[in-house]
Amino acid sequence: MKKLVIAAVLAALLTSAAHAQTNAGDQKVDPDLPFTMTKVADLELPWRIAFLPDGRMLVTEKVGRLQLVTPQGVKTEVQGVPPVDFGGQNGMLGVFLSPHYATDHNVYLTYVAPGDYGGGLALARAKLVLDGNQAKLDGLDVIWRQLPTGKGGQAGAQIAFSPDGKYLFLTVGDRQRFTPAQDPGQTLGKIVRLTLDGKPAPGNPFAGKEGAHTVPLIDPAKNTEEAKTAPVVSTYTFPGPNLAPAETWSIGHRTPYGLAFGPDGRLWEVEHGPRGGDELNLIQRGKNYGWPLVSYGMNYDGVPIPSPDTRPDLVKPVIYWVPVIAPGNLMFYKGNLFPHWKGSALISGLVSMGITRITFDGKGGATPAQRWTLNMRVRDIEEAPDGSLWLLQDAQPGGLFHLTPK
């Protein structure tokens with residue numbers, strides 16, 4: 001019976017509408033920066049910024065720390081963070097304020113938690129307790145885990161809260177295992193939609209459905225073809241029901257590092273392709289975004305991957321990048337300091353070493369607008385309460401920079 005359920009889940013997810021797409025890989029760089037950059041603090045492999053209402057920031061460092069940082073750059077390490085499995089792309093990743101922070105003071109952390117065999121993406125919630133310049137996390141509770149744990153790969157780990165503040169969307173990378181991104185019984189390569197307590201959200205495409213009681217674990221593979229016959233390292237048995245189908249919102253993602261709701265309520269995502277094929281996707285309920293069946297890129301070792309043009313049943317990206325920009329995050333600008341950017345999205349770039357601005361037509365279409373090079377790997381860009389921008393340099397040591405209009 002469960003095999004039939006999984007087959008039905010996969011068949012339904014394979015049905016998708018097509019979108020027009022644009023290759024922005026060769027977009028020209030704007031030589032004039034419309035902002036002034038000021039370095040405010042040094043950080044070790046910083047990953048994400050979350051702004052508190054008073055303008056102070058919570059900043060994660062991939063090495064396993066959470067810092068409270070003032071706009072002047074004074075840092076205080078937040079106490080009570082969980083242990084992380086640090087190495088490669090794994091470690092302490094995201095920090096996000098609860099949509100009800102004004103009353104519950106909750107923050108959410110995403111990180112790769114240590115496991116019996118490598119690590120697994122974890123989602124934790126805790127109350128932030130501030131006492132002057134001191135800060136700690138109280139009552140930390142892990143409310144969701146990616147199982148089984150495994151070695152290497154990229155975890156995704158981005159959160160977007162629904163506009164009504166009732167649900168959270170969490171991106172889960174394929175961790176370079178490829179094939180699980182198309183397996184509805186595993187959360188790898190998915191965007192999941194959960195309640196604020198980490199449970200499967202009502203109204204998900206396959207609410208109430210369960211996956212197989214056991215799933216195979218493979219190590220990261222060299223390419224999409226090798227993954228199909230990769231040796232099974234172990235077989236994981238769920239201690240209770242496998243809720244992966246009930247949690248899933250969309251399927252077929254590679255390394256989804258950016259996720260944000262636009263002003264019109266549409267949900268957008270950016271993800272890394274392999275050698276080419278980074279994507280900006282309009283995320284819709286129950287759709288299949290193709291990885292690893294198709295890509296506008298190829299495997300790092302040159303092994304080809306079929307083009308999305310060969311599979312009209314799968315959702316194509318609205319914008320893709322060949323060559324890549326390696327997106328770090330995605331955010332929509334809402335402030336007034338850069339008035340011409342209101343409603344635009346900004347994407348941080350690791351390989352492109354800069355920022356890309358995207359405009360939207362309100363009908364599900366998007367257009368590359370501007371691209372600036374900053375000569376540094378930009379992991380995150382976020383908007384402060386005053387409408388200024390702050391970004392993180394991905395390096396060890398990396399930097400926290402403040403951007404204001406010229």
# chains A, B, ... in the order shown; residues from 1 in each chain; ligands from 1
>>> select_by_dssp(residues="region 256-369 of chain A", states="strand (DSSP E or B)", output="PyMOL selection string")
chain A and resi 256-261+267-272+275+278-283+288+298+319-321+327-332+345-349+354-360+366-369
>>> residues_around(residues="region 317-322 of chain A", least_positions_apart="5", cutoff="7 Å", atoms="only C-alpha atoms", output="ChimeraX atom specification")
/A:19-25,276-282,365-366
>>> closest_residue(among="A:Val142, A:Leu58, A:Leu170, A:Leu188", to="Gln158 (chain A)", atoms="only C-alpha atoms")
A:Leu170
>>> select_by_dssp(residues="region 8-147 of chain A", states="alpha helix (DSSP H)", output="compact mmCIF listing (two decimals) with all heavy atoms, in the first residue's frame")
# COMPACT_ATOMS: atom_id res chain seq x y z
N ALA A 8 1.96 7.35 -6.28
CA ALA A 8 0.98 8.40 -6.56
C ALA A 8 1.53 9.78 -6.26
O ALA A 8 1.29 10.73 -7.00
CB ALA A 8 -0.29 8.14 -5.73
N VAL A 9 2.29 9.87 -5.18
CA VAL A 9 2.91 11.15 -4.81
C VAL A 9 3.84 11.61 -5.93
O VAL A 9 3.81 12.75 -6.38
CB VAL A 9 3.68 11.01 -3.48
CG1 VAL A 9 4.53 12.25 -3.23
CG2 VAL A 9 2.71 10.83 -2.31
N LEU A 10 4.71 10.70 -6.37
CA LEU A 10 5.68 11.05 -7.40
C LEU A 10 4.98 11.42 -8.70
O LEU A 10 5.36 12.39 -9.36
CB LEU A 10 6.63 9.89 -7.62
CG LEU A 10 7.78 10.11 -8.62
CD1 LEU A 10 8.60 11.33 -8.21
CD2 LEU A 10 8.65 8.88 -8.71
N ALA A 11 3.96 10.67 -9.08
CA ALA A 11 3.26 10.96 -10.33
C ALA A 11 2.61 12.33 -10.29
O ALA A 11 2.66 13.08 -11.27
CB ALA A 11 2.20 9.89 -10.57
N ALA A 12 2.03 12.68 -9.15
CA ALA A 12 1.39 13.99 -9.05
C ALA A 12 2.41 15.11 -9.09
O ALA A 12 2.19 16.16 -9.69
CB ALA A 12 0.57 14.07 -7.75
N LEU A 13 3.57 14.89 -8.45
CA LEU A 13 4.59 15.92 -8.44
C LEU A 13 5.24 16.12 -9.80
O LEU A 13 5.86 17.14 -10.06
CB LEU A 13 5.67 15.57 -7.40
CG LEU A 13 5.27 15.80 -5.94
CD1 LEU A 13 6.34 15.22 -5.01
CD2 LEU A 13 5.08 17.27 -5.64
N TYR A 101 7.75 37.56 16.90
CA TYR A 101 8.85 37.83 17.84
C TYR A 101 8.48 38.88 18.88
O TYR A 101 8.92 38.79 20.03
CB TYR A 101 10.09 38.28 17.06
CG TYR A 101 11.26 38.59 17.96
CD1 TYR A 101 12.08 37.58 18.45
CD2 TYR A 101 11.53 39.90 18.36
CE1 TYR A 101 13.14 37.85 19.29
CE2 TYR A 101 12.59 40.19 19.20
CZ TYR A 101 13.39 39.16 19.67
OH TYR A 101 14.43 39.43 20.52
N ALA A 102 7.68 39.86 18.52
CA ALA A 102 7.32 40.92 19.46
C ALA A 102 6.66 40.37 20.72
O ALA A 102 6.77 40.97 21.80
CB ALA A 102 6.40 41.94 18.78
N THR A 103 5.99 39.24 20.61
CA THR A 103 5.31 38.66 21.77
C THR A 103 5.95 37.38 22.28
O THR A 103 5.92 37.10 23.47
CB THR A 103 3.83 38.38 21.45
OG1 THR A 103 3.75 37.55 20.28
CG2 THR A 103 3.08 39.68 21.20
N ASP A 104 6.56 36.56 21.37
CA ASP A 104 7.10 35.28 21.85
C ASP A 104 8.63 35.27 21.99
O ASP A 104 9.19 34.35 22.59
CB ASP A 104 6.64 34.12 20.96
CG ASP A 104 7.12 34.19 19.52
OD1 ASP A 104 8.14 34.86 19.24
OD2 ASP A 104 6.49 33.57 18.64
>>> residues_around(residues="Gly399 (chain A)", least_positions_apart="3", cutoff="8 Å", atoms="only C-alpha atoms", output="PyMOL selection string")
chain A and resi 39-43+46+392-395
>>> residues_around(residues="Pro368 (chain A)", least_positions_apart="4", cutoff="7 Å", atoms="only C-alpha atoms", output="PDB file with N, CA and C atoms, in the first residue's frame")
ATOM      1  N   ALA A  24      20.707  34.603 -17.602  1.00  0.00           N
ATOM      2  CA  ALA A  24      21.325  35.852 -17.163  1.00  0.00           C
ATOM      3  C   ALA A  24      22.804  35.673 -16.847  1.00  0.00           C
ATOM      4  N   ARG A 357      20.319  42.331  -8.924  1.00  0.00           N
ATOM      5  CA  ARG A 357      18.957  42.833  -8.658  1.00  0.00           C
ATOM      6  C   ARG A 357      18.011  42.294  -9.715  1.00  0.00           C
ATOM      7  N   ILE A 358      16.849  41.827  -9.256  1.00  0.00           N
ATOM      8  CA  ILE A 358      15.826  41.240 -10.124  1.00  0.00           C
ATOM      9  C   ILE A 358      14.529  42.023  -9.955  1.00  0.00           C
ATOM     10  N   THR A 359      13.853  42.307 -11.062  1.00  0.00           N
ATOM     11  CA  THR A 359      12.536  42.929 -11.005  1.00  0.00           C
ATOM     12  C   THR A 359      11.472  41.908 -11.393  1.00  0.00           C
TER      13      THR A 359
END
